[in-house]
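Content type CSV, C-alpha atoms and all ligand atoms, from the file target15.csv:
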```csv
chain,number,residue,atom,x,y,z
A,1271,MET,CA,-24.8,13.4,-31.2
A,1272,VAL,CA,-22.5,10.6,-30.2
A,1273,ILE,CA,-18.8,10.4,-31.2
A,1274,THR,CA,-17.0,7.2,-30.2
A,1275,ILE,CA,-13.3,6.8,-29.5
A,1276,ASP,CA,-12.0,3.3,-29.1
A,1277,GLY,CA,-8.4,2.1,-29.0
A,1278,THR,CA,-5.4,0.5,-27.3
A,1279,VAL,CA,-3.9,1.3,-23.8
A,1280,GLY,CA,-2.0,4.6,-24.0
A,1281,SER,CA,-3.2,5.5,-27.5
A,1282,GLY,CA,-4.5,8.8,-26.3
A,1283,LYS,CA,-8.2,8.0,-26.0
A,1284,SER,CA,-8.9,9.9,-22.7
A,1285,THR,CA,-7.0,13.0,-23.8
A,1286,ALA,CA,-8.7,12.8,-27.2
A,1287,ALA,CA,-12.2,12.3,-25.8
A,1288,ALA,CA,-11.8,15.0,-23.1
A,1289,GLY,CA,-10.3,17.5,-25.6
A,1290,LEU,CA,-12.8,16.8,-28.3
A,1291,ALA,CA,-15.7,17.0,-25.9
A,1292,ARG,CA,-14.5,20.4,-24.7
A,1293,ARG,CA,-14.1,21.7,-28.2
A,1294,LEU,CA,-17.6,20.5,-29.2
A,1295,GLY,CA,-19.3,21.5,-26.0
A,1296,ALA,CA,-20.3,17.9,-25.3
A,1297,ALA,CA,-20.1,15.6,-22.3
A,1298,HIS,CA,-17.2,13.1,-21.9
A,1299,LEU,CA,-18.1,9.5,-21.1
A,1300,ASP,CA,-15.1,7.5,-19.9
A,1301,THR,CA,-16.5,4.0,-19.9
A,1302,GLY,CA,-13.2,2.5,-18.7
A,1303,ALA,CA,-13.9,4.3,-15.4
A,1304,MET,CA,-17.0,2.1,-14.9
A,1305,TYR,CA,-15.0,-1.1,-15.3
A,1306,ARG,CA,-12.4,0.4,-13.0
A,1307,ALA,CA,-14.9,1.3,-10.3
A,1308,LEU,CA,-16.3,-2.2,-10.2
A,1309,THR,CA,-12.7,-3.6,-10.1
A,1310,LEU,CA,-11.9,-1.4,-7.2
A,1311,LYS,CA,-15.0,-2.6,-5.3
A,1312,ALA,CA,-14.2,-6.2,-6.1
A,1313,LEU,CA,-10.5,-5.9,-4.9
A,1314,ASP,CA,-11.4,-4.0,-1.7
A,1315,GLY,CA,-14.3,-6.4,-1.0
A,1316,GLY,CA,-12.1,-9.5,-1.4
A,1317,VAL,CA,-14.4,-10.8,-4.2
A,1318,ASN,CA,-13.0,-13.8,-6.1
A,1319,LEU,CA,-12.1,-12.3,-9.5
A,1320,GLU,CA,-12.6,-15.8,-11.1
A,1321,ASP,CA,-16.2,-16.1,-9.8
A,1322,ALA,CA,-18.4,-15.0,-12.7
A,1323,GLN,CA,-21.6,-15.0,-10.7
A,1324,ALA,CA,-20.1,-12.9,-7.8
A,1325,LEU,CA,-18.9,-10.3,-10.4
A,1326,ALA,CA,-22.2,-10.1,-12.1
A,1327,ASP,CA,-23.9,-9.7,-8.7
A,1328,LEU,CA,-21.5,-7.0,-7.7
A,1329,ALA,CA,-22.2,-5.1,-11.0
A,1330,ALA,CA,-25.9,-5.4,-10.5
A,1331,ALA,CA,-25.7,-4.1,-6.9
A,1332,SER,CA,-23.5,-1.1,-7.7
A,1333,VAL,CA,-24.4,2.5,-8.3
A,1334,ILE,CA,-21.8,4.2,-10.6
A,1335,GLU,CA,-22.2,7.9,-11.3
A,1336,LEU,CA,-20.1,9.8,-13.8
A,1337,ASP,CA,-20.5,13.6,-14.1
A,1338,GLY,CA,-19.4,13.8,-17.8
A,1339,THR,CA,-17.2,16.8,-17.3
A,1340,PRO,CA,-14.4,16.6,-19.9
A,1341,GLY,CA,-11.1,15.8,-18.3
A,1342,ALA,CA,-11.0,14.9,-14.6
A,1343,GLY,CA,-14.7,14.0,-14.4
A,1344,ARG,CA,-15.8,12.8,-11.0
A,1345,VAL,CA,-16.6,9.2,-10.5
A,1346,ARG,CA,-18.7,8.0,-7.6
A,1347,LEU,CA,-19.3,4.5,-6.6
A,1348,ASP,CA,-22.2,3.8,-4.2
A,1349,GLY,CA,-22.0,7.4,-3.2
A,1350,ARG,CA,-18.3,7.5,-2.5
A,1351,ASP,CA,-15.8,9.5,-4.6
A,1352,VAL,CA,-13.4,7.1,-6.2
A,1353,THR,CA,-12.0,9.5,-8.9
A,1354,GLN,CA,-8.4,9.0,-7.7
A,1355,ALA,CA,-8.6,5.4,-6.4
A,1356,ILE,CA,-9.7,3.9,-9.7
A,1357,ARG,CA,-6.5,5.1,-11.4
A,1358,GLU,CA,-4.2,3.1,-9.1
A,1359,ASN,CA,-2.2,0.5,-11.1
A,1360,ARG,CA,-3.6,-2.4,-9.1
A,1361,VAL,CA,-6.9,-1.5,-10.6
A,1362,SER,CA,-5.5,-1.2,-14.1
A,1363,VAL,CA,-3.9,-4.6,-14.0
A,1364,HIS,CA,-7.0,-6.4,-12.5
A,1365,SER,CA,-9.7,-4.7,-14.6
A,1366,HIS,CA,-9.7,-7.4,-17.3
A,1367,TYR,CA,-11.4,-9.8,-14.9
A,1368,LEU,CA,-14.5,-7.6,-14.9
A,1369,ALA,CA,-14.2,-6.6,-18.5
A,1370,ARG,CA,-14.3,-10.2,-19.8
A,1371,GLN,CA,-17.6,-11.0,-18.1
A,1372,ALA,CA,-20.5,-10.7,-20.6
A,1373,ALA,CA,-23.0,-10.3,-17.7
A,1374,VAL,CA,-21.0,-7.4,-16.3
A,1375,ARG,CA,-20.7,-5.8,-19.8
A,1376,LYS,CA,-24.4,-6.0,-20.4
A,1377,ILE,CA,-25.1,-4.0,-17.2
A,1378,LEU,CA,-22.5,-1.4,-18.0
A,1379,VAL,CA,-23.6,-1.1,-21.7
A,1380,GLU,CA,-27.1,-0.3,-20.5
A,1381,LYS,CA,-25.7,2.4,-18.2
A,1382,GLN,CA,-23.7,3.8,-21.1
A,1383,ARG,CA,-26.7,4.0,-23.3
A,1384,ALA,CA,-28.8,5.5,-20.6
A,1385,PHE,CA,-26.1,8.2,-20.0
A,1386,ALA,CA,-26.3,9.0,-23.8
A,1387,SER,CA,-30.1,9.3,-23.8
A,1388,ARG,CA,-29.9,11.6,-20.8
A,1389,ILE,CA,-27.1,13.8,-22.0
A,1390,GLY,CA,-27.6,14.0,-25.7
A,1391,ARG,CA,-24.2,15.4,-26.9
A,1392,LEU,CA,-21.5,13.0,-26.0
A,1393,VAL,CA,-17.9,11.9,-26.8
A,1394,THR,CA,-17.5,8.4,-25.4
A,1395,GLU,CA,-14.3,6.4,-25.1
A,1396,GLY,CA,-13.6,2.7,-24.4
A,1397,ARG,CA,-13.0,-0.5,-26.3
A,1398,ASP,CA,-16.5,-1.4,-27.7
A,1399,GLN,CA,-18.1,2.0,-28.1
A,1400,GLY,CA,-18.2,2.1,-31.9
A,1401,THR,CA,-18.6,-1.6,-32.4
A,1402,VAL,CA,-21.2,-2.6,-29.8
A,1403,VAL,CA,-22.6,0.2,-27.7
A,1404,PHE,CA,-23.2,3.0,-30.3
A,1405,PRO,CA,-23.2,1.3,-33.7
A,1406,ASP,CA,-25.0,4.3,-35.2
A,1407,ALA,CA,-22.6,7.0,-33.8
A,1408,GLU,CA,-22.1,10.0,-35.9
A,1409,VAL,CA,-18.3,9.7,-36.1
A,1410,LYS,CA,-16.2,6.8,-34.9
A,1411,PHE,CA,-12.4,6.9,-34.2
A,1412,TYR,CA,-10.0,4.1,-33.5
A,1413,LEU,CA,-6.7,5.3,-31.9
A,1414,ASP,CA,-3.5,3.4,-31.8
A,1415,ALA,CA,0.3,4.2,-31.4
A,1416,ASP,CA,3.6,2.3,-31.3
A,1417,ALA,CA,3.8,0.2,-28.2
A,1418,ALA,CA,7.0,1.9,-27.1
A,1419,VAL,CA,5.3,5.3,-27.2
A,1420,ARG,CA,2.3,4.1,-25.4
A,1421,ALA,CA,4.4,2.5,-22.6
A,1422,ARG,CA,6.3,5.8,-22.1
A,1423,ARG,CA,3.0,7.7,-21.9
A,1424,ARG,CA,1.6,5.3,-19.4
A,1425,GLN,CA,4.8,5.3,-17.3
A,1426,LEU,CA,4.6,9.1,-17.2
A,1427,GLU,CA,1.0,9.1,-16.3
A,1428,LEU,CA,1.7,6.7,-13.4
A,1429,GLN,CA,4.6,8.9,-12.3
A,1430,GLN,CA,2.4,11.9,-12.2
A,1431,ARG,CA,0.2,10.0,-9.8
A,1432,GLY,CA,3.2,9.1,-7.6
A,1433,GLU,CA,3.6,5.5,-8.8
A,1434,TYR,CA,7.0,4.5,-10.1
A,1435,HIS,CA,7.3,1.6,-12.5
A,1436,SER,CA,10.2,0.7,-14.8
A,1437,TYR,CA,9.7,1.1,-18.5
A,1438,ARG,CA,10.1,-2.6,-19.1
A,1439,GLU,CA,7.5,-3.4,-16.6
A,1440,VAL,CA,5.0,-0.9,-18.0
A,1441,LEU,CA,5.7,-2.1,-21.6
A,1442,LYS,CA,5.0,-5.7,-20.6
A,1443,GLU,CA,1.8,-4.6,-18.9
A,1444,VAL,CA,0.6,-2.5,-21.8
A,1445,LEU,CA,1.1,-5.4,-24.2
A,1446,GLU,CA,-0.6,-7.8,-21.9
A,1447,ARG,CA,-3.6,-5.6,-21.4
A,1448,ASP,CA,-4.0,-5.0,-25.2
A,1449,ALA,CA,-3.8,-8.8,-25.8
A,1450,ARG,CA,-6.5,-9.5,-23.2
A,1451,ASP,CA,-8.8,-6.7,-24.6
A,1452,SER,CA,-8.5,-7.9,-28.2
A,1453,THR,CA,-8.7,-11.7,-27.6
A,1454,ARG,CA,-11.5,-11.9,-25.0
A,1455,GLU,CA,-14.8,-13.4,-26.2
A,1456,ALA,CA,-17.1,-10.6,-25.0
A,1457,ASP,CA,-17.0,-7.4,-27.1
A,1458,PRO,CA,-13.3,-7.6,-27.9
A,1459,LEU,CA,-11.3,-4.5,-28.8
A,1460,ARG,CA,-11.3,-4.0,-32.6
A,1461,PRO,CA,-11.9,-1.1,-35.0
A,1462,ALA,CA,-15.4,-0.6,-36.2
A,1463,ARG,CA,-15.6,-1.0,-39.9
A,1464,ASP,CA,-16.7,2.6,-40.4
A,1465,SER,CA,-14.1,4.1,-37.9
A,1466,LEU,CA,-11.3,6.4,-38.9
A,1467,ARG,CA,-8.1,4.9,-37.6
A,1468,VAL,CA,-5.6,7.4,-36.2
A,1469,ASP,CA,-2.0,6.6,-35.4
A,1470,THR,CA,-1.1,9.1,-32.6
A,1471,SER,CA,2.6,8.0,-32.2
A,1472,ALA,CA,4.1,11.1,-33.6
A,1473,MET,CA,1.3,13.6,-32.8
A,1474,THR,CA,1.2,16.3,-30.1
A,1475,VAL,CA,-2.1,16.5,-28.2
A,1476,GLU,CA,-3.1,19.6,-30.3
A,1477,GLU,CA,-2.3,17.9,-33.6
A,1478,MET,CA,-4.4,14.9,-32.5
A,1479,LEU,CA,-7.3,17.1,-31.5
A,1480,ASP,CA,-7.1,19.1,-34.7
A,1481,ALA,CA,-7.2,15.9,-36.7
A,1482,LEU,CA,-10.2,14.5,-34.9
A,1483,ALA,CA,-12.1,17.9,-35.0
A,1484,ALA,CA,-11.3,18.2,-38.7
A,1485,GLU,CA,-12.8,14.8,-39.4
A,1486,VAL,CA,-16.0,15.6,-37.4
A,1487,GLU,CA,-16.3,18.8,-39.4
A,1488,ARG,CA,-15.7,17.0,-42.7
A,1489,ARG,CA,-18.4,14.4,-41.9
A,1490,ARG,CA,-20.8,17.0,-40.9
A,1491,LYS,CA,-20.4,19.0,-44.1
A,1492,GLY,CA,-20.6,15.8,-46.1
A,1493,THR,CA,-24.0,14.9,-44.6
A,1494,THR,CA,-25.7,18.3,-44.6
A,1501,LIG,O1,-9.5,2.5,-20.7
A,1501,LIG,P1,-9.2,2.0,-19.3
A,1501,LIG,O2,-7.8,1.5,-19.1
A,1501,LIG,O3,-9.6,2.9,-18.2
A,1501,LIG,O4,-10.1,0.7,-19.1
A,1501,LIG,C1,-10.2,-0.1,-18.0
A,1501,LIG,C2,-10.5,-1.5,-18.2
A,1501,LIG,O5,-11.8,-1.6,-18.8
A,1501,LIG,C3,-9.6,-2.2,-19.2
A,1501,LIG,O6,-9.5,-3.6,-18.7
A,1501,LIG,C4,-10.5,-2.3,-20.5
A,1501,LIG,C5,-11.9,-2.3,-20.0
A,1501,LIG,N1,-12.8,-1.6,-20.9
A,1501,LIG,C6,-13.6,-2.4,-21.7
A,1501,LIG,O7,-13.5,-3.6,-21.7
A,1501,LIG,N2,-14.6,-1.8,-22.4
A,1501,LIG,C7,-14.7,-0.4,-22.4
A,1501,LIG,N3,-15.7,0.1,-23.1
A,1501,LIG,C8,-13.9,0.4,-21.6
A,1501,LIG,C9,-12.9,-0.3,-20.8
```
As structure tokens, the full file:
Amino acid sequence: MVITIDGTVGSGKSTAAAGLARRLGAAHLDTGAMYRALTLKALDGGVNLEDAQALADLAAASVIELDGTPGAGRVRLDGRDVTQAIRENRVSVHSHYLARQAAVRKILVEKQRAFASRIGRLVTEGRDQGTVVFPDAEVKFYLDADAAVRARRRQLELQQRGEYHSYREVLKEVLERDARDSTREADPLRPARDSLRVDTSAMTVEEMLDALAAEVERRRKGTT
């Protein structure tokens, strides 16, 4: 069983994936964490982010481990716990350099599929999960919300981690990240044809989870 959740920055993907995984007794695969882990390593190692070969080599030489626990799942990079470090805003704003490299994506997509074969029951979130990585997923969701709502959520999330950024700054960043994700050549962000699109702008977390769980239930009934 694979359920995919793709969508824009701040649309609620992580909350949705963690919550749905918990409700379904499934693992949670946060694929963004993989791109973030490599970004952290590149930044800390002083790797030139414009150097495609260096980034591909870095991806090939890295060991990323995700434990799949819904919510604050642990992320280890080359044996080191980077769960907190990968959430820093400097990682968020530089992750597009890794995400746009086809060679890097190929390596991470293989890891994501291997994770799925190992775990079996999975709710996975990212940008290309329904379109590229798991085209045969049981249910696919595409989440979006108004940019203003997404910027507020993101600002709050950063605040909770002790990082203070103005609303204007965060809004600009959110729009830039979406534009980069949707216009890059390699596996751009777009809804899968067979995905259910959900606008989470006016939804509480519980409402969002109820809507997703109801759709999973509906599809299951429809196919059995
Ligand atoms: O969802 P996130 O903000 O943690 O994602 C971090 C970065 O990785 C962001 O630049 C988008 C990119 N990403 C991607 O290209 N494909 C995925 N499946 C997941 C994330």
Excluding stretch 1349-1365 of chain A and its own-chain neighbours fewer than 5 positions away, which residues fall within 6 Å of it when counting only C-alpha atoms? Please give them as number ranges by chain. A: 1306-1307, 1309, 1344
| said: Distance limit 9 Å, reference ligand LIG 1501 (chain A), atoms considered: all atoms listed in the file. Which residues make the cut? Give them as number ranges by chain. | reply: A: 1276-1280, 1283-1284, 1300-1306, 1309, 1356-1357, 1361-1370, 1375, 1378-1379, 1394-1399, 1403, 1447-1448, 1450-1451, 1456-1459
Query raised in the report: Which residues, written as a PyMOL selection string, have at least one atom at most 6 Å from stretch 1467-1484 of chain A, with only C-alpha atoms counted and residues fewer than 5 positions away on the same chain left out?
Result: chain A and resi 1411-1416
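Take atom CA of A:Ser1452 and atom CA of A:Arg1438: the distance between them is 21.4 Å.
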Among A:Val1409, A:Lys1491, A:Leu1441, A:Val1333, A:Arg1423 is approached most closely, using only C-alpha atoms, by A:Leu1441
Between A:Gly1338, A:Ala1330, A:Ala1417, A:Lys1410, which has the minimum distance to A:Ala1373 (counting all atoms listed in the file)?
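Nearest candidate to A:Ala1373 out of A:Gly1338, A:Ala1330, A:Ala1417, A:Lys1410: A:Ala1330.
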Query raised in the report: Out of A:Asp1406, A:Gln1371, A:Ala1342, A:Glu1427, which residue has the shortest atom-to-atom distance to A:Glu1320 when counting all atoms listed in the file?
Result: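 Looking only at the distances to A:Glu1320, the closest residue turns out to be A:Gln1371.
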Of the candidates A:Gln1382, A:Gln1430, A:Thr1274, A:Ser1281, which shows the shortest atom-to-atom distance to A:Ala1418, using all atoms listed in the file?
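Nearest to A:Ala1418: A:Ser1281.
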I'd like the contact shell of A:Ala1296 - 9 Å cut-off, only C-alpha atoms, skipping same-chain residues fewer than 6 positions apart - returned as a list in words. Met1271, Leu1290, Gly1338, Thr1339, Pro1340, Ile1389, Gly1390, Arg1391, Leu1392 and Val1393 of chain A
Do you have the atom CA of A:Arg1489-atom CA of A:Val1272 distance handy?
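Distance reported for this atom pair: 13.0 Å.
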